$ cat work_4.cif   # mmCIF, C-alpha atoms; chains and numbers go by the auth columns
data_structure
loop_
_atom_site.group_PDB
_atom_site.id
_atom_site.type_symbol
_atom_site.label_atom_id
_atom_site.label_comp_id
_atom_site.label_asym_id
_atom_site.label_seq_id
_atom_site.Cartn_x
_atom_site.Cartn_y
_atom_site.Cartn_z
_atom_site.B_iso_or_equiv
_atom_site.auth_seq_id
_atom_site.auth_asym_id
ATOM 1 C CA MET A 1 68.944 -21.554 -132.521 0.00 1244 A
ATOM 2 C CA GLU A 2 68.407 -23.823 -135.530 0.00 1245 A
ATOM 3 C CA SER A 3 67.856 -22.235 -138.894 0.00 1246 A
ATOM 4 C CA LEU A 4 64.828 -23.005 -141.039 0.00 1247 A
ATOM 5 C CA ASP A 5 67.025 -25.110 -143.347 0.00 1248 A
ATOM 6 C CA ASP A 6 68.213 -27.187 -140.399 0.00 1249 A
ATOM 7 C CA VAL A 7 64.639 -27.764 -139.227 0.00 1250 A
ATOM 8 C CA ILE A 8 63.574 -28.852 -142.727 0.00 1251 A
ATOM 9 C CA ASP A 9 66.574 -31.192 -142.976 0.00 1252 A
ATOM 10 C CA ASP A 10 65.678 -32.727 -139.591 0.00 1253 A
ATOM 11 C CA LEU A 11 62.060 -33.261 -140.670 0.00 1254 A
ATOM 12 C CA ILE A 12 63.141 -34.915 -143.908 0.00 1255 A
ATOM 13 C CA ALA A 13 65.622 -37.169 -142.082 0.00 1256 A
ATOM 14 C CA ASP A 14 62.991 -38.144 -139.501 0.00 1257 A
ATOM 15 C CA ARG A 15 60.515 -38.980 -142.272 0.00 1258 A
ATOM 16 C CA VAL A 16 63.075 -41.187 -144.048 0.00 1259 A
ATOM 17 C CA ILE A 17 63.913 -43.005 -140.813 0.00 1260 A
ATOM 18 C CA ARG A 18 60.211 -43.677 -140.132 0.00 1261 A
ATOM 19 C CA ARG A 19 59.685 -44.958 -143.671 0.00 1262 A
ATOM 20 C CA HIS A 20 62.605 -47.399 -143.372 0.00 1263 A
ATOM 21 C CA ARG A 21 61.487 -48.451 -139.886 0.00 1264 A
ATOM 22 C CA ARG A 22 57.996 -49.245 -141.209 0.00 1265 A
ATOM 23 C CA THR A 23 59.510 -51.310 -144.044 0.00 1266 A
ATOM 24 C CA TRP A 24 61.621 -53.335 -141.610 0.00 1267 A
ATOM 25 C CA LEU A 25 58.649 -53.922 -139.318 0.00 1268 A
ATOM 26 C CA ILE A 26 56.614 -55.233 -142.279 0.00 1269 A
ATOM 27 C CA LEU A 27 59.464 -57.574 -143.305 0.00 1270 A
ATOM 28 C CA ILE A 28 59.842 -58.883 -139.748 0.00 1271 A
ATOM 29 C CA GLY A 29 56.069 -59.459 -139.576 0.00 1272 A
ATOM 30 C CA VAL A 30 56.126 -61.457 -142.826 0.00 1273 A
ATOM 31 C CA VAL A 31 58.985 -63.643 -141.538 0.00 1274 A
ATOM 32 C CA VAL A 32 57.115 -64.347 -138.286 0.00 1275 A
ATOM 33 C CA VAL A 33 53.909 -65.272 -140.137 0.00 1276 A
ATOM 34 C CA LEU A 34 55.798 -67.662 -142.444 0.00 1277 A
ATOM 35 C CA ALA A 35 57.462 -69.303 -139.444 0.00 1278 A
ATOM 36 C CA LEU A 36 54.093 -69.802 -137.740 0.00 1279 A
ATOM 37 C CA ILE A 37 52.664 -71.364 -140.915 0.00 1280 A
ATOM 38 C CA VAL A 38 55.536 -73.872 -141.057 0.00 1281 A
ATOM 39 C CA LEU A 39 55.020 -74.795 -137.399 0.00 1282 A
ATOM 40 C CA ALA A 40 51.255 -75.120 -137.818 0.00 1283 A
ATOM 41 C CA THR A 41 51.580 -77.617 -140.673 0.00 1284 A
ATOM 42 C CA GLY A 42 53.693 -79.886 -138.496 0.00 1285 A
ATOM 43 C CA GLY A 43 56.457 -79.979 -141.072 0.00 1286 A
ATOM 44 C CA TRP A 44 54.834 -82.599 -143.291 0.00 1287 A
ATOM 45 C CA LYS A 45 52.102 -81.123 -145.511 0.00 1288 A
ATOM 46 C CA GLU A 46 54.384 -80.949 -148.538 0.00 1289 A
ATOM 47 C CA ARG A 47 56.933 -83.551 -149.544 0.00 1290 A
ATOM 48 C CA GLN A 48 59.509 -80.901 -150.429 0.00 1291 A
ATOM 49 C CA GLY A 49 61.216 -79.502 -147.364 0.00 1292 A
ATOM 50 C CA ARG A 50 59.584 -82.026 -145.012 0.00 1293 A
ATOM 51 C CA ALA A 51 61.172 -81.770 -141.579 0.00 1294 A
ATOM 52 C CA VAL A 52 60.519 -85.383 -140.460 0.00 1295 A
ATOM 53 C CA PRO A 53 61.635 -88.710 -141.971 0.00 1296 A
ATOM 54 C CA THR A 54 59.410 -90.437 -144.543 0.00 1297 A
ATOM 55 C CA LEU A 55 59.211 -94.253 -144.470 0.00 1298 A
ATOM 56 C CA THR A 56 57.723 -96.507 -147.145 0.00 1299 A
ATOM 57 C CA VAL A 57 55.815 -99.703 -146.342 0.00 1300 A
ATOM 58 C CA THR A 58 55.940 -102.624 -148.750 0.00 1301 A
ATOM 59 C CA ALA A 59 54.647 -106.187 -148.514 0.00 1302 A
ATOM 60 C CA ASP A 60 58.057 -107.296 -147.229 0.00 1303 A
ATOM 61 C CA THR A 61 59.135 -104.257 -145.215 0.00 1304 A
ATOM 62 C CA PRO A 62 56.895 -102.840 -142.499 0.00 1305 A
ATOM 63 C CA ALA A 63 57.810 -99.422 -141.094 0.00 1306 A
ATOM 64 C CA THR A 64 58.597 -99.063 -137.396 0.00 1307 A
ATOM 65 C CA VAL A 65 58.213 -95.667 -135.752 0.00 1308 A
ATOM 66 C CA GLU A 66 58.911 -94.807 -132.105 0.00 1309 A
ATOM 67 C CA ALA A 67 56.727 -91.842 -131.175 0.00 1310 A
ATOM 68 C CA GLY A 68 56.592 -90.764 -127.546 0.00 1311 A
ATOM 69 C CA ARG A 69 55.231 -93.619 -125.433 0.00 1312 A
ATOM 70 C CA TRP A 70 54.241 -95.784 -128.435 0.00 1313 A
ATOM 71 C CA GLU A 71 56.041 -97.894 -130.982 0.00 1314 A
ATOM 72 C CA PHE A 72 54.097 -98.364 -134.218 0.00 1315 A
ATOM 73 C CA GLY A 73 54.835 -101.067 -136.769 0.00 1316 A
ATOM 74 C CA PHE A 74 52.860 -100.168 -139.916 0.00 1317 A
ATOM 75 C CA THR A 75 52.090 -103.110 -142.215 0.00 1318 A
ATOM 76 C CA ARG A 76 49.374 -102.332 -144.794 0.00 1319 A
ATOM 77 C CA SER A 77 46.348 -100.222 -145.710 0.00 1320 A
ATOM 78 C CA GLU A 78 42.975 -100.729 -147.401 0.00 1321 A
ATOM 79 C CA ILE A 79 40.357 -98.627 -149.129 0.00 1322 A
ATOM 80 C CA VAL A 80 37.138 -100.344 -148.119 0.00 1323 A
ATOM 81 C CA ARG A 81 34.195 -99.557 -150.390 0.00 1324 A
ATOM 82 C CA GLU A 82 30.541 -100.179 -149.609 0.00 1325 A
ATOM 83 C CA PRO A 83 28.535 -99.779 -152.845 0.00 1326 A
ATOM 84 C CA LYS A 84 25.228 -97.977 -153.000 0.00 1327 A
ATOM 85 C CA THR A 85 22.187 -100.189 -152.363 0.00 1328 A
ATOM 86 C CA ASP A 86 18.437 -99.770 -152.204 0.00 1329 A
ATOM 87 C CA TYR A 87 18.847 -99.181 -148.487 0.00 1330 A
ATOM 88 C CA SER A 88 22.001 -97.031 -148.205 0.00 1331 A
ATOM 89 C CA THR A 89 24.275 -94.623 -150.050 0.00 1332 A
ATOM 90 C CA ALA A 90 27.786 -95.505 -151.203 0.00 1333 A
ATOM 91 C CA LYS A 91 30.446 -95.312 -148.484 0.00 1334 A
ATOM 92 C CA ALA A 92 34.180 -95.739 -148.168 0.00 1335 A
ATOM 93 C CA GLU A 93 36.795 -95.674 -145.438 0.00 1336 A
ATOM 94 C CA LEU A 94 40.574 -95.797 -145.315 0.00 1337 A
ATOM 95 C CA LEU A 95 42.004 -98.422 -142.955 0.00 1338 A
ATOM 96 C CA VAL A 96 45.634 -98.444 -141.836 0.00 1339 A
ATOM 97 C CA TYR A 97 46.964 -101.529 -140.039 0.00 1340 A
ATOM 98 C CA PHE A 98 49.787 -101.547 -137.508 0.00 1341 A
ATOM 99 C CA ASP A 99 51.236 -103.369 -134.518 0.00 1342 A
ATOM 100 C CA ILE A 100 51.545 -101.182 -131.442 0.00 1343 A
ATOM 101 C CA ARG A 101 53.699 -101.565 -128.350 0.00 1344 A
ATOM 102 C CA ASN A 102 53.697 -99.545 -125.120 0.00 1345 A
ATOM 103 C CA ILE A 103 57.231 -98.181 -124.515 0.00 1346 A
ATOM 104 C CA ASP A 104 56.325 -95.769 -121.707 0.00 1347 A
ATOM 105 C CA THR A 105 59.478 -95.999 -119.567 0.00 1348 A
ATOM 106 C CA GLU A 106 58.457 -92.807 -117.734 0.00 1349 A
ATOM 107 C CA GLU A 107 55.189 -93.890 -116.081 0.00 1350 A
ATOM 108 C CA TYR A 108 54.943 -97.611 -116.993 0.00 1351 A
ATOM 109 C CA GLN A 109 51.197 -97.151 -117.367 0.00 1352 A
ATOM 110 C CA SER A 110 48.668 -98.806 -119.659 0.00 1353 A
ATOM 111 C CA GLY A 111 46.791 -96.631 -122.131 0.00 1354 A
ATOM 112 C CA THR A 112 45.542 -96.226 -125.671 0.00 1355 A
ATOM 113 C CA PRO A 113 46.832 -93.843 -128.355 0.00 1356 A
ATOM 114 C CA ARG A 114 44.856 -90.665 -128.824 0.00 1357 A
ATOM 115 C CA GLN A 115 43.025 -90.003 -132.071 0.00 1358 A
ATOM 116 C CA ASN A 116 45.175 -87.009 -132.954 0.00 1359 A
ATOM 117 C CA LEU A 117 48.437 -88.995 -132.956 0.00 1360 A
ATOM 118 C CA LEU A 118 47.749 -90.525 -136.376 0.00 1361 A
ATOM 119 C CA ARG A 119 46.790 -88.207 -139.252 0.00 1362 A
ATOM 120 C CA TRP A 120 46.071 -88.882 -142.897 0.00 1363 A
ATOM 121 C CA VAL A 121 48.042 -86.456 -145.114 0.00 1364 A
ATOM 122 C CA PRO A 122 45.822 -85.762 -148.167 0.00 1365 A
ATOM 123 C CA GLY A 123 48.401 -83.486 -149.826 0.00 1366 A
ATOM 124 C CA ASN A 124 47.820 -80.518 -152.157 0.00 1367 A
ATOM 125 C CA GLY A 125 47.624 -78.201 -149.141 0.00 1368 A
ATOM 126 C CA ALA A 126 44.548 -79.912 -147.661 0.00 1369 A
ATOM 127 C CA ASP A 127 44.193 -80.104 -143.893 0.00 1370 A
ATOM 128 C CA LEU A 128 45.378 -83.216 -142.092 0.00 1371 A
ATOM 129 C CA VAL A 129 42.622 -85.681 -141.108 0.00 1372 A
ATOM 130 C CA GLU A 130 42.604 -87.172 -137.602 0.00 1373 A
ATOM 131 C CA SER A 131 42.187 -90.915 -137.193 0.00 1374 A
ATOM 132 C CA SER A 132 39.390 -92.682 -135.328 0.00 1375 A
ATOM 133 C CA GLY A 133 41.875 -94.010 -132.782 0.00 1376 A
ATOM 134 C CA ALA A 134 43.193 -97.558 -132.403 0.00 1377 A
ATOM 135 C CA TYR A 135 40.927 -100.589 -132.897 0.00 1378 A
ATOM 136 C CA CYS A 136 42.597 -103.603 -131.307 0.00 1379 A
ATOM 137 C CA ARG A 137 40.935 -107.038 -131.336 0.00 1380 A
ATOM 138 C CA GLY A 138 38.117 -105.308 -133.178 0.00 1381 A
ATOM 139 C CA LYS A 139 37.362 -102.928 -130.297 0.00 1382 A
ATOM 140 C CA PRO A 140 38.102 -99.194 -129.951 0.00 1383 A
ATOM 141 C CA GLY A 141 40.021 -97.860 -126.976 0.00 1384 A
ATOM 142 C CA TRP A 142 41.799 -101.141 -126.208 0.00 1385 A
ATOM 143 C CA SER A 143 44.298 -100.690 -123.363 0.00 1386 A
ATOM 144 C CA ILE A 144 47.918 -101.302 -124.370 0.00 1387 A
ATOM 145 C CA VAL A 145 49.868 -102.638 -121.368 0.00 1388 A
ATOM 146 C CA TYR A 146 53.494 -101.728 -120.831 0.00 1389 A
ATOM 147 C CA GLY A 147 55.863 -104.682 -121.135 0.00 1390 A
ATOM 148 C CA LEU A 148 53.571 -106.906 -123.211 0.00 1391 A
ATOM 149 C CA PRO A 149 54.195 -107.893 -126.861 0.00 1392 A
ATOM 150 C CA PRO A 150 52.758 -105.659 -129.615 0.00 1393 A
ATOM 151 C CA GLN A 151 49.011 -105.727 -130.323 0.00 1394 A
ATOM 152 C CA SER A 152 47.727 -105.929 -133.898 0.00 1395 A
ATOM 153 C CA CYS A 153 45.440 -102.947 -134.474 0.00 1396 A
ATOM 154 C CA TYR A 154 44.079 -100.647 -137.146 0.00 1397 A
ATOM 155 C CA THR A 155 42.674 -97.141 -137.449 0.00 1398 A
ATOM 156 C CA LYS A 156 40.117 -95.541 -139.758 0.00 1399 A
ATOM 157 C CA PHE A 157 40.003 -92.298 -141.708 0.00 1400 A
ATOM 158 C CA GLU A 158 36.957 -90.716 -143.319 0.00 1401 A
ATOM 159 C CA ILE A 159 37.268 -90.519 -147.121 0.00 1402 A
ATOM 160 C CA PRO A 160 34.853 -89.676 -149.965 0.00 1403 A
ATOM 161 C CA PRO A 161 32.991 -92.659 -151.529 0.00 1404 A
ATOM 162 C CA ASP A 162 34.877 -92.226 -154.812 0.00 1405 A
ATOM 163 C CA PHE A 163 38.322 -91.787 -153.226 0.00 1406 A
ATOM 164 C CA THR A 164 41.175 -93.558 -154.988 0.00 1407 A
ATOM 165 C CA ALA A 165 44.945 -93.435 -154.550 0.00 1408 A
ATOM 166 C CA ASP A 166 47.961 -95.486 -155.547 0.00 1409 A
ATOM 167 C CA GLU A 167 49.743 -94.313 -152.405 0.00 1410 A
ATOM 168 C CA ILE A 168 48.654 -92.672 -149.156 0.00 1411 A
ATOM 169 C CA GLU A 169 50.610 -90.959 -146.409 0.00 1412 A
ATOM 170 C CA VAL A 170 50.002 -91.108 -142.662 0.00 1413 A
ATOM 171 C CA GLY A 171 51.646 -88.690 -140.244 0.00 1414 A
ATOM 172 C CA ILE A 172 52.630 -89.870 -136.769 0.00 1415 A
ATOM 173 C CA LEU A 173 52.877 -87.537 -133.795 0.00 1416 A
ATOM 174 C CA GLY A 174 54.752 -88.330 -130.601 0.00 1417 A
ATOM 175 C CA GLU A 175 53.821 -86.912 -127.219 0.00 1418 A
ATOM 176 C CA LYS A 176 56.548 -85.431 -125.030 0.00 1419 A
ATOM 177 C CA TYR A 177 56.994 -86.208 -121.339 0.00 1420 A
ATOM 178 C CA GLU A 178 57.318 -82.752 -119.848 0.00 1421 A
ATOM 179 C CA SER A 179 55.737 -80.386 -117.355 0.00 1422 A
ATOM 180 C CA ASP A 180 53.747 -77.246 -117.914 0.00 1423 A
ATOM 181 C CA ASP A 181 55.341 -73.855 -117.418 0.00 1424 A
ATOM 182 C CA GLY A 182 55.526 -73.283 -113.672 0.00 1425 A
ATOM 183 C CA LEU A 183 55.851 -69.542 -114.220 0.00 1426 A
ATOM 184 C CA LEU A 184 52.181 -69.512 -115.233 0.00 1427 A
ATOM 185 C CA GLY A 185 51.136 -71.132 -111.971 0.00 1428 A
ATOM 186 C CA ALA A 186 50.667 -74.604 -113.473 0.00 1429 A
ATOM 187 C CA ASP A 187 51.601 -77.910 -111.870 0.00 1430 A
ATOM 188 C CA GLU A 188 55.221 -78.670 -112.778 0.00 1431 A
ATOM 189 C CA THR A 189 54.783 -82.457 -112.592 0.00 1432 A
ATOM 190 C CA PRO A 190 55.691 -83.869 -116.038 0.00 1433 A
ATOM 191 C CA TYR A 191 53.196 -85.884 -118.070 0.00 1434 A
ATOM 192 C CA TRP A 192 52.643 -87.036 -121.668 0.00 1435 A
ATOM 193 C CA HIS A 193 51.304 -84.224 -123.866 0.00 1436 A
ATOM 194 C CA ASN A 194 52.334 -81.662 -126.512 0.00 1437 A
ATOM 195 C CA PRO A 195 52.472 -84.058 -129.486 0.00 1438 A
ATOM 196 C CA GLU A 196 54.778 -83.106 -132.343 0.00 1439 A
ATOM 197 C CA ALA A 197 55.404 -84.466 -135.821 0.00 1440 A
ATOM 198 C CA THR A 198 57.666 -87.528 -135.692 0.00 1441 A
ATOM 199 C CA ALA A 199 57.475 -89.295 -139.067 0.00 1442 A
ATOM 200 C CA VAL A 200 55.412 -89.897 -142.182 0.00 1443 A
ATOM 201 C CA VAL A 201 54.625 -93.393 -143.485 0.00 1444 A
ATOM 202 C CA ARG A 202 53.716 -94.133 -147.110 0.00 1445 A
ATOM 203 C CA LEU A 203 51.508 -97.127 -147.897 0.00 1446 A
ATOM 204 C CA ARG A 204 50.019 -98.536 -151.113 0.00 1447 A
ATOM 205 C CA PRO A 205 46.384 -99.371 -150.273 0.00 1448 A
ATOM 206 C CA THR A 206 44.519 -102.335 -151.690 0.00 1449 A
ATOM 207 C CA VAL A 207 40.824 -101.956 -152.546 0.00 1450 A
ATOM 208 C CA VAL A 208 38.275 -104.107 -150.747 0.00 1451 A
ATOM 209 C CA VAL A 209 34.594 -104.072 -151.774 0.00 1452 A
ATOM 210 C CA LYS A 210 32.055 -105.083 -149.161 0.00 1453 A
ATOM 211 C CA GLU A 211 29.304 -107.371 -150.328 0.00 1454 A
ATOM 212 C CA ASP A 212 25.686 -106.367 -149.866 0.00 1455 A
ATOM 213 C CA LYS A 213 24.603 -108.262 -146.770 0.00 1456 A
ATOM 214 C CA TYR A 214 20.954 -108.124 -147.876 0.00 1457 A
ATOM 215 C CA ARG A 215 21.566 -110.125 -151.074 0.00 1458 A
#
$ encode --input "work_4.cif" --output "structure tokens"
Amino acid sequence: MESLDDVIDDLIADRVIRRHRRTWLILIGVVVVLALIVLATGGWKERQGRAVPTLTVTADTPATVEAGRWEFGFTRSEIVREPKTDYSTAKAELLVYFDIRNIDTEEYQSGTPRQNLLRWVPGNGADLVESSGAYCRGKPGWSIVYGLPPQSCYTKFEIPPDFTADEIEVGILGEKYESDDGLLGADETPYWHNPEATAVVRLRPTVVVKEDKYR
């Protein structure tokens, strides 16, 4: 039979073990949360420690990015301002121009890039801004056919009327051709989905001021 001293020693030891176990559980929880934050930002919110390549566009050097079933060739960007008038408030939009080619060697199907594949990266911890999709030949949702030459297109981002920047960054996501998890009862036929961060492109926008069409 254990003595009272032995019982007290066992209680103290058990209490110490629980305290250390709680500390380790807290540390493990912090590490998991930090890992989830890094994954959620797509690896490109901050320039330091960015997990994807960063390309710079100049007047002489466009940036080509292969992302999933699309090849983007970024060429230039514009901040388009529409001054306040007697009939409307001041507006502005960020336009990014690119050539796009369908490189879908898995399904060989026509399609158009989804809005969430191009994101403006405002920086300073702000959330990424989804694009309006691809406007080709002045029309949204233009179908890009596999095997044809690149189409010249652009996309838009919402910005404040007084927005200004010497340089902007656009994040590109690439979809993966893979199936859903069959263990969950889903169809195991692969398809294009699950976009992930592929690259970031830096562009120096020019400013364009729209004239008042009522003048």
$ atom_distance --input "work_4.cif" --atom1 "CA of Ala1440 in chain A" --atom2 "CA of Ile1322 in chain A"
24.6 Å
$ resolve_selection --input "work_4.cif" --expression "the PyMOL selection byres ((chain A and resi 1327) around 12)" --output "number ranges by chain"
A: 1324-1326, 1328-1335, 1404-1405, 1452-1455
$ closest_residue --input "work_4.cif" --among "A:Asn1359, A:Thr1299, A:Ser1395, A:Thr1407" --to "Arg1344 in chain A" --atoms "only C-alpha atoms"
A:Ser1395
$ atom_distance --input "work_4.cif" --atom1 "CA of Leu1337 in chain A" --atom2 "CA of Ala1442 in chain A"
19.2 Å
$ residues_around --input "work_4.cif" --residues "Ala1377 in chain A" --least-positions-apart "6" --cutoff "12 Å" --atoms "only C-alpha atoms" --output "CSV table (one decimal) with C-alpha atoms, in the frame of the given file"
chain,number,residue,atom,x,y,z
A,1313,TRP,CA,54.2,-95.8,-128.4
A,1315,PHE,CA,54.1,-98.4,-134.2
A,1338,LEU,CA,42.0,-98.4,-143.0
A,1339,VAL,CA,45.6,-98.4,-141.8
A,1340,TYR,CA,47.0,-101.5,-140.0
A,1341,PHE,CA,49.8,-101.5,-137.5
A,1342,ASP,CA,51.2,-103.4,-134.5
A,1343,ILE,CA,51.5,-101.2,-131.4
A,1344,ARG,CA,53.7,-101.6,-128.4
A,1354,GLY,CA,46.8,-96.6,-122.1
A,1355,THR,CA,45.5,-96.2,-125.7
A,1356,PRO,CA,46.8,-93.8,-128.4
A,1357,ARG,CA,44.9,-90.7,-128.8
A,1358,GLN,CA,43.0,-90.0,-132.1
A,1359,ASN,CA,45.2,-87.0,-133.0
A,1360,LEU,CA,48.4,-89.0,-133.0
A,1361,LEU,CA,47.7,-90.5,-136.4
A,1383,PRO,CA,38.1,-99.2,-130.0
A,1384,GLY,CA,40.0,-97.9,-127.0
A,1385,TRP,CA,41.8,-101.1,-126.2
A,1386,SER,CA,44.3,-100.7,-123.4
A,1387,ILE,CA,47.9,-101.3,-124.4
A,1394,GLN,CA,49.0,-105.7,-130.3
A,1395,SER,CA,47.7,-105.9,-133.9
A,1396,CYS,CA,45.4,-102.9,-134.5
A,1397,TYR,CA,44.1,-100.6,-137.1
A,1398,THR,CA,42.7,-97.1,-137.4
A,1399,LYS,CA,40.1,-95.5,-139.8
A,1400,PHE,CA,40.0,-92.3,-141.7
